[in-house]
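A.B. asks: Take this structure first; my questions come after.
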Amino acid sequence: MAKVLMKGNEAIGEAAIRAGCKNYFAYPITPQSEVAEYLAKRLPEEGGVFLQGESEVAVGYMIFGAAGAGERVMTTSSSPGISLMSEALSYIAAAQCPAVFVNIMRGGPGLGGILPSQGDYFQATKGGGHGDYHLLVLAPDGVQEAVEMTMQAFTLAEKYRNPVMILGDGLIGQMMEPVEFPDGLKTEPSNKDDWATNGMAHRKSKKRNLVKSLFLDPTALNDNNLALKAKYAQMKKEEVQYELVNADTDYQVLITSYGTMSRVCRTAIDMLKEEGIEVAMLRPKTLFPFPEKAVFDASGKESCQAVISIEMSMGQMVEDVERCVKGRLPVEFYGECGGDIPSPEKIIEIIKALL
Amino acid sequence: MAKAFSRPKALSGTHTHYCPGCTHGIVHRLVAEAIDDLGIQEKTVGIAPVGCAVLAYNYFDCDFQEAAHGRAPAMATGIKRVRPDLMVFTYQGDGDLASIGMGEIIHAANRGEKFTTIFINNAIYGMTGGQMAPTTMPGQRATTAPLGRDTAQTGMPIRMANLLAELVTPGYITRQAVLKPQQVNKAKKAIKQAFQYQMENRCFSFVEVISTCPTNWGMTPVDALKWAEDTLLPYYELGDYKVPE
């Protein structure tokens, strides 16, 4: 298929349809409302379901209901909206249902602002809702990857019966880029008859299904949490994705960065190269599972003197980076989170100060 | 000899955890009988609330999902929208539906979602131990209203059926009781009618059922029935508040 020029938010909506998702529930919030606006028109054309819920709280449970009934379903929101959906995320993870949540992050905390940010890293990767659970978190660096990750998200959600979050930011949602929708990523929904509440009539066994998260017996709750833990361990083994940039050189500094911020870092790396300074970057594409071994290995290069995590936050992913570097090198941090995106020149200045 | 009375197919036979004298058991049976009468067990999905009926999924023999506090109507919306062929009902108490879930029930009713809500109004929080509900009567004692509900502080009890009937969207909104055998028969009819409207894809249907909570009211089951009759029914008038044209 030829490339088309599309806004990130609209491309995410189109990607969901092309991945076979016909069900979308959402509540408007800047900077991602174009997803809903796009799907309000497109889903009826496809015979799908579009519903604007009364709040993000309600939408979270519309997603839970639809996912529990065994249908592919997605919602999109932005930071404060995701906070309201976090209760449902905990329930969906506990009840082991597949669903796709897209967070086009804006500045926080509180109402914050409407410009891009990466301030929800902790919320996305460490919880947000209550209890011992994880989301699979995919972080695109542009419109093309947002499309591909949105499409992959449905099969991942079904493979693990777990919510998957696409963690983008306002820039990825708002910018227009040429994009191609890959045919190969459309998959058939997996068989859900052994767990989904899709009506006993449709199943061979005629046994009723139950979607729940209450386990009053401590042994049963412990067992459920151990099953979840095993699932997260499998994700750590099978789903880690990352990209290495300029890592075949004798780099002196290793940058860790993701999403929009990593694109600025990439430009800075090219500019530094022209000055004869080699800097590499490790860009996690999955924030959970985090590329732990890759960070450890990349920080072990003999020429490498420092590691710096560059983020549009006050320092969140840096804690995971420190954890993975295991103290073998100093781990620095640079970030801005008012909605301005640091320039390549600023990154260059920061890197030079490390040398 | 022909069997005149037996357990509905749609009930699992599991012993319930409800307190002696609680009317949840009666309403469970009425819902199950309606499901049996209409032959819809195999395409029914129930939504359990948070509160005393949280374990309802153990007592019915049909697909079930469990919602968070108050969110059952949103969950039912999600299921019914993506699978309109399923028969979906929520079963909620008055704390769940009239307090924390007020937004969800009003908007689901206003959208005319084609599912059925069974609303148990016993004027108190049961599972959490007798705290005040939005439906608690003026002067009625609760653990969080130890001197009795002071309406100057907490407003008047909310009449959900009346409130929902005010919505312009068509619906079937009725208030019933299960305090006397005649009322039980009428409640059965209403519940079955509510499911029938759903089968015909006609409207949102809502059956409020005035019930008792002897444990948290501090009464014997018999006294609780009398108190409900004398105190709740004059305020929560029984009858149909809205029927679809």
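For the structure tokens, the naming scheme is as follows: chains receive sequential letters (A, B, ...) according to their order of presentation, residues are indexed from 1 within each chain, and ligands are indexed from 1 in presentation order.
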Mind listing as a PyMOL selection string which residues of chain A are within 10 Å of chain B, counting only C-alpha atoms?

C.D. replies: chain A and resi 22-25+48-51+53-55+57-73+87-88+91-92+95+195-203+206-214

A.B. asks: Skipping near chain neighbours, those fewer than 3 positions away, what residues fall within 9 Å of range 336-347 of chain A using only C-alpha atoms, listed as a compact mmCIF listing (two decimals) with all heavy atoms, in the first residue's frame?

C.D. replies:
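Below is the file out16.txt, written as the result:
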# COMPACT_ATOMS: atom_id res chain seq x y z
N ARG A 106 0.00 14.16 28.04
CA ARG A 106 0.16 15.61 28.14
C ARG A 106 0.83 15.92 29.48
O ARG A 106 0.96 15.04 30.33
CB ARG A 106 -1.20 16.30 28.04
CG ARG A 106 -2.18 15.87 29.11
CD ARG A 106 -3.56 16.40 28.85
NE ARG A 106 -3.92 17.45 29.80
CZ ARG A 106 -5.10 18.09 29.77
NH1 ARG A 106 -5.99 17.80 28.84
NH2 ARG A 106 -5.37 19.02 30.66
N GLY A 107 1.22 17.19 29.64
CA GLY A 107 1.92 17.55 30.88
C GLY A 107 1.02 17.46 32.10
O GLY A 107 -0.15 17.80 32.04
N GLY A 108 1.57 16.99 33.18
CA GLY A 108 0.88 16.93 34.46
C GLY A 108 1.84 17.39 35.52
O GLY A 108 2.88 17.97 35.19
N GLY A 112 -2.34 20.12 34.58
CA GLY A 112 -1.06 20.29 33.89
C GLY A 112 -1.18 21.18 32.69
O GLY A 112 -1.38 22.39 32.82
N GLY A 113 -1.04 20.61 31.52
CA GLY A 113 -1.16 21.39 30.28
C GLY A 113 -1.67 20.47 29.20
O GLY A 113 -2.09 19.35 29.47
N ILE A 114 -1.63 20.96 27.95
CA ILE A 114 -2.11 20.11 26.86
C ILE A 114 -1.00 19.79 25.88
O ILE A 114 -1.24 19.20 24.83
CB ILE A 114 -3.31 20.76 26.13
CG1 ILE A 114 -2.93 22.13 25.59
CG2 ILE A 114 -4.52 20.84 27.05
CD1 ILE A 114 -3.97 22.72 24.65
N LEU A 115 0.24 20.17 26.24
CA LEU A 115 1.36 19.91 25.34
C LEU A 115 2.03 18.59 25.71
O LEU A 115 1.80 18.03 26.77
CB LEU A 115 2.35 21.08 25.42
CG LEU A 115 1.81 22.39 24.82
CD1 LEU A 115 2.73 23.55 25.13
CD2 LEU A 115 1.60 22.25 23.32
N PRO A 116 2.89 18.08 24.81
CA PRO A 116 3.46 16.74 25.00
C PRO A 116 4.27 16.60 26.29
O PRO A 116 4.92 17.54 26.74
CB PRO A 116 4.38 16.56 23.79
CG PRO A 116 3.99 17.59 22.81
CD PRO A 116 3.35 18.70 23.56
N SER A 117 4.25 15.40 26.83
CA SER A 117 5.01 15.09 28.04
C SER A 117 5.24 13.59 28.08
O SER A 117 4.63 12.84 27.32
CB SER A 117 4.19 15.53 29.27
OG SER A 117 4.68 14.88 30.44
N GLN A 118 6.15 13.19 28.95
CA GLN A 118 6.34 11.76 29.20
C GLN A 118 6.22 11.50 30.70
O GLN A 118 6.88 10.64 31.25
CB GLN A 118 7.71 11.30 28.67
CG GLN A 118 7.80 11.39 27.14
CD GLN A 118 9.14 10.95 26.59
OE1 GLN A 118 10.18 11.14 27.23
NE2 GLN A 118 9.12 10.37 25.40
N GLY A 119 5.34 12.26 31.32
CA GLY A 119 5.22 12.21 32.77
C GLY A 119 4.42 11.03 33.32
O GLY A 119 4.26 10.91 34.53
N GLY A 170 1.70 13.90 23.16
CA GLY A 170 0.91 14.84 22.37
C GLY A 170 1.49 15.14 21.00
O GLY A 170 0.75 15.41 20.06
N THR A 260 8.96 10.53 21.40
CA THR A 260 9.33 11.78 20.74
C THR A 260 10.72 12.26 21.15
O THR A 260 11.51 12.70 20.33
CB THR A 260 8.29 12.88 21.09
OG1 THR A 260 7.09 12.58 20.39
CG2 THR A 260 8.76 14.25 20.71
N MET A 261 11.04 12.13 22.43
CA MET A 261 12.33 12.62 22.92
C MET A 261 13.49 11.93 22.21
O MET A 261 14.53 12.55 21.94
CB MET A 261 12.40 12.38 24.44
CG MET A 261 13.53 13.10 25.14
SD MET A 261 13.41 14.89 25.05
CE MET A 261 14.85 15.26 24.08
N VAL A 264 14.70 13.61 18.97
CA VAL A 264 15.58 14.76 19.15
C VAL A 264 16.99 14.27 19.46
O VAL A 264 17.98 14.78 18.93
CB VAL A 264 15.05 15.67 20.28
CG1 VAL A 264 15.92 16.89 20.44
CG2 VAL A 264 13.60 16.06 20.03
N CYS A 265 17.06 13.24 20.30
CA CYS A 265 18.37 12.68 20.66
C CYS A 265 19.08 12.13 19.41
O CYS A 265 20.29 12.26 19.27
CB CYS A 265 18.22 11.58 21.71
SG CYS A 265 17.68 12.20 23.31
N ARG A 266 18.30 11.52 18.54
CA ARG A 266 18.86 10.95 17.30
C ARG A 266 19.52 12.06 16.47
O ARG A 266 20.64 11.89 15.96
CB ARG A 266 17.72 10.30 16.50
CG ARG A 266 18.15 9.33 15.45
CD ARG A 266 16.92 8.86 14.69
NE ARG A 266 16.04 8.02 15.47
CZ ARG A 266 16.06 6.68 15.44
NH1 ARG A 266 16.92 6.07 14.65
NH2 ARG A 266 15.23 6.00 16.17
N THR A 267 18.85 13.20 16.36
CA THR A 267 19.42 14.33 15.63
C THR A 267 20.70 14.81 16.32
O THR A 267 21.72 15.09 15.66
CB THR A 267 18.39 15.49 15.56
OG1 THR A 267 17.19 14.98 15.01
CG2 THR A 267 18.90 16.64 14.72
N ALA A 268 20.67 14.89 17.63
CA ALA A 268 21.84 15.35 18.39
C ALA A 268 23.02 14.39 18.17
O ALA A 268 24.17 14.83 18.03
CB ALA A 268 21.50 15.45 19.87
N ILE A 269 22.71 13.10 18.12
CA ILE A 269 23.77 12.10 17.92
C ILE A 269 24.43 12.31 16.55
O ILE A 269 25.67 12.27 16.43
CB ILE A 269 23.19 10.67 18.06
CG1 ILE A 269 22.86 10.39 19.53
CG2 ILE A 269 24.16 9.61 17.52
CD1 ILE A 269 22.05 9.14 19.78
N MET A 271 24.57 15.10 14.84
CA MET A 271 25.33 16.37 14.87
C MET A 271 26.65 16.19 15.62
O MET A 271 27.69 16.72 15.21
CB MET A 271 24.48 17.47 15.49
CG MET A 271 23.31 17.89 14.60
SD MET A 271 22.01 18.82 15.46
CE MET A 271 22.77 20.43 15.66
N ILE A 310 17.39 10.71 28.95
CA ILE A 310 16.83 12.00 28.53
C ILE A 310 15.35 11.81 28.27
O ILE A 310 14.94 11.00 27.43
CB ILE A 310 17.58 12.55 27.29
CG1 ILE A 310 19.07 12.71 27.64
CG2 ILE A 310 16.97 13.87 26.84
CD1 ILE A 310 19.94 13.20 26.52
N GLU A 311 14.54 12.54 29.03
CA GLU A 311 13.09 12.30 29.01
C GLU A 311 12.33 13.62 29.06
O GLU A 311 12.86 14.62 29.51
CB GLU A 311 12.69 11.45 30.25
CG GLU A 311 13.50 10.19 30.43
CD GLU A 311 13.23 9.52 31.79
OE1 GLU A 311 12.09 9.58 32.27
OE2 GLU A 311 14.19 8.96 32.36
N MET A 312 11.08 13.58 28.66
CA MET A 312 10.19 14.72 28.87
C MET A 312 9.43 14.48 30.16
O MET A 312 8.20 14.33 30.19
CB MET A 312 9.24 14.87 27.67
CG MET A 312 9.92 15.52 26.47
SD MET A 312 9.38 14.87 24.88
CE MET A 312 7.66 15.24 24.94
N SER A 313 10.20 14.38 31.24
CA SER A 313 9.62 14.21 32.58
C SER A 313 10.66 14.71 33.57
O SER A 313 11.74 15.15 33.17
CB SER A 313 9.31 12.73 32.85
OG SER A 313 10.49 12.03 33.19
N MET A 314 10.35 14.64 34.84
CA MET A 314 11.30 15.07 35.87
C MET A 314 12.24 13.94 36.28
O MET A 314 12.94 14.05 37.28
CB MET A 314 10.54 15.61 37.09
CG MET A 314 10.07 17.03 36.91
SD MET A 314 11.43 18.20 37.02
CE MET A 314 11.16 19.20 35.58
N GLY A 315 12.19 12.84 35.54
CA GLY A 315 13.08 11.73 35.85
C GLY A 315 12.31 10.52 36.30
O GLY A 315 12.09 10.32 37.49
N ILE A 350 24.28 19.27 26.91
CA ILE A 350 24.21 18.38 28.08
C ILE A 350 25.23 17.24 27.95
O ILE A 350 25.95 16.90 28.91
CB ILE A 350 22.78 17.77 28.21
CG1 ILE A 350 21.73 18.86 28.40
CG2 ILE A 350 22.71 16.73 29.34
CD1 ILE A 350 21.85 19.65 29.67
N ILE A 351 25.32 16.68 26.73
CA ILE A 351 26.24 15.55 26.50
C ILE A 351 27.69 16.02 26.65
O ILE A 351 28.50 15.36 27.32
CB ILE A 351 26.04 14.97 25.07
CG1 ILE A 351 24.62 14.45 24.89
CG2 ILE A 351 27.09 13.89 24.78
CD1 ILE A 351 24.27 13.22 25.65
N LYS A 352 27.98 17.18 26.08
CA LYS A 352 29.36 17.68 26.14
C LYS A 352 29.80 17.93 27.59
O LYS A 352 30.95 17.73 27.94
CB LYS A 352 29.50 18.97 25.33
CG LYS A 352 29.59 18.69 23.82
CD LYS A 352 29.85 19.96 23.04
CE LYS A 352 30.08 19.67 21.57
NZ LYS A 352 30.08 20.90 20.76

A.B. asks: Based on DSSP run over this structure's backbone, return all residues of range 139-191 of chain A in strand (DSSP E), as a ChimeraX atom specification.

C.D. replies: /A:163-169,176-179

A.B. asks: Enter the distance from CA of Ser309 in chain A to CA of Gly276 in chain A, in Å, rounded to one decimal.

C.D. replies: 21.5 Å

A.B. asks: Which distance in Å separates CA of Ser205 in chain B and CA of Tyr172 in chain B, to one decimal?

C.D. replies: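 Straight-line distance from CA of Ser205 in chain B to CA of Tyr172 in chain B works out to 4.5 Å.
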
A.B. asks: List the spatial neighbours of range 165-168 of chain A as a list in words - criterion: any atom at most 6 Å away, only C-alpha atoms, same-chain residues fewer than 2 positions off excluded.

C.D. replies: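 What passes the distance filter is Val100, Phe101, Val102, Asn103, Ile104, Val137, Leu138 and Ala139 of chain A.
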
A.B. asks: Any chance you could list, as a ChimeraX atom specification, the residues in range 28-166 of chain A that come up alpha helix (DSSP H) when DSSP is run on the backbone?

C.D. replies: /A:33-45,56-68,79-95,121-126,143-160

A.B. asks: What's the 9 Å shell around range 300-308 of chain A, counting only C-alpha atoms, without same-chain residues fewer than 2 positions away, as a ChimeraX atom specification?

C.D. replies: /A:250-257,279,295-298,310,318,321-322,325,328-334,351,354-355

A.B. asks: Include N, CA and C atoms and write out the residues we just selected as a tab-separated table (two decimals), in the first residue's frame.

C.D. replies:
chain	number	residue	atom	x	y	z
A	250	ASP	N	32.75	3.27	19.03
A	250	ASP	CA	33.31	3.33	20.40
A	250	ASP	C	32.71	4.54	21.09
A	251	TYR	N	31.44	4.43	21.40
A	251	TYR	CA	30.74	5.58	21.96
A	251	TYR	C	31.20	5.88	23.39
A	252	GLN	N	31.19	7.20	23.67
A	252	GLN	CA	31.63	7.62	25.01
A	252	GLN	C	30.46	7.78	25.97
A	253	VAL	N	29.33	8.07	25.38
A	253	VAL	CA	28.13	8.26	26.21
A	253	VAL	C	27.00	7.41	25.64
A	254	LEU	N	26.24	6.82	26.52
A	254	LEU	CA	25.04	6.07	26.11
A	254	LEU	C	23.80	6.84	26.57
A	255	ILE	N	22.98	7.24	25.59
A	255	ILE	CA	21.70	7.89	25.93
A	255	ILE	C	20.62	6.82	26.00
A	256	THR	N	19.77	6.93	27.00
A	256	THR	CA	18.52	6.15	26.95
A	256	THR	C	17.39	7.15	26.83
A	257	SER	N	16.52	6.90	25.87
A	257	SER	CA	15.42	7.83	25.62
A	257	SER	C	14.35	7.09	24.84
A	279	VAL	N	28.25	9.09	20.23
A	279	VAL	CA	27.28	8.85	21.30
A	279	VAL	C	26.27	7.82	20.78
A	295	VAL	N	20.17	-2.77	28.26
A	295	VAL	CA	20.73	-1.58	28.92
A	295	VAL	C	22.02	-1.95	29.64
A	296	PHE	N	21.99	-3.09	30.31
A	296	PHE	CA	23.19	-3.54	31.03
A	296	PHE	C	24.34	-3.76	30.05
A	297	ASP	N	24.05	-4.46	28.97
A	297	ASP	CA	25.10	-4.75	27.98
A	297	ASP	C	25.64	-3.48	27.35
A	298	ALA	N	24.73	-2.58	26.94
A	298	ALA	CA	25.17	-1.36	26.23
A	298	ALA	C	26.00	-0.46	27.14
A	310	ILE	N	17.39	10.71	28.95
A	310	ILE	CA	16.83	12.00	28.53
A	310	ILE	C	15.35	11.81	28.27
A	318	VAL	N	14.61	6.96	34.18
A	318	VAL	CA	15.99	6.91	34.68
A	318	VAL	C	16.13	5.90	35.84
A	321	VAL	N	16.68	2.66	34.32
A	321	VAL	CA	18.02	2.63	33.70
A	321	VAL	C	19.07	2.37	34.78
A	322	GLU	N	18.96	3.11	35.88
A	322	GLU	CA	19.90	2.92	37.00
A	322	GLU	C	19.88	1.47	37.49
A	325	VAL	N	21.76	-0.65	34.90
A	325	VAL	CA	23.21	-0.39	34.78
A	325	VAL	C	23.93	-1.01	35.98
A	328	ARG	N	27.55	0.15	37.52
A	328	ARG	CA	28.88	0.04	36.87
A	328	ARG	C	29.33	1.37	36.29
A	329	LEU	N	28.38	2.31	36.03
A	329	LEU	CA	28.70	3.64	35.52
A	329	LEU	C	27.75	4.64	36.18
A	330	PRO	N	28.19	5.92	36.22
A	330	PRO	CA	27.24	6.92	36.71
A	330	PRO	C	26.07	7.05	35.73
A	331	VAL	N	24.86	7.18	36.27
A	331	VAL	CA	23.69	7.39	35.41
A	331	VAL	C	23.16	8.80	35.66
A	332	GLU	N	23.21	9.62	34.61
A	332	GLU	CA	22.75	11.00	34.72
A	332	GLU	C	21.33	11.11	34.18
A	333	PHE	N	20.75	12.28	34.43
A	333	PHE	CA	19.39	12.50	33.91
A	333	PHE	C	19.26	13.93	33.40
A	334	TYR	N	18.56	14.07	32.29
A	334	TYR	CA	18.14	15.39	31.86
A	334	TYR	C	16.70	15.33	31.38
A	351	ILE	N	25.32	16.68	26.73
A	351	ILE	CA	26.24	15.55	26.50
A	351	ILE	C	27.69	16.02	26.65
A	354	LEU	N	29.15	16.17	29.98
A	354	LEU	CA	29.47	14.88	30.62
A	354	LEU	C	30.88	14.42	30.31
A	355	LEU	N	31.43	14.97	29.20
A	355	LEU	CA	32.73	14.43	28.72
A	355	LEU	C	33.92	15.14	29.35

A.B. asks: In Å, rounded to a single decimal, give me how far CA of Asp240 in chain B is from CA of Ala161 in chain B.

C.D. replies: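 Here the two named atoms are 8.8 Å from each other.
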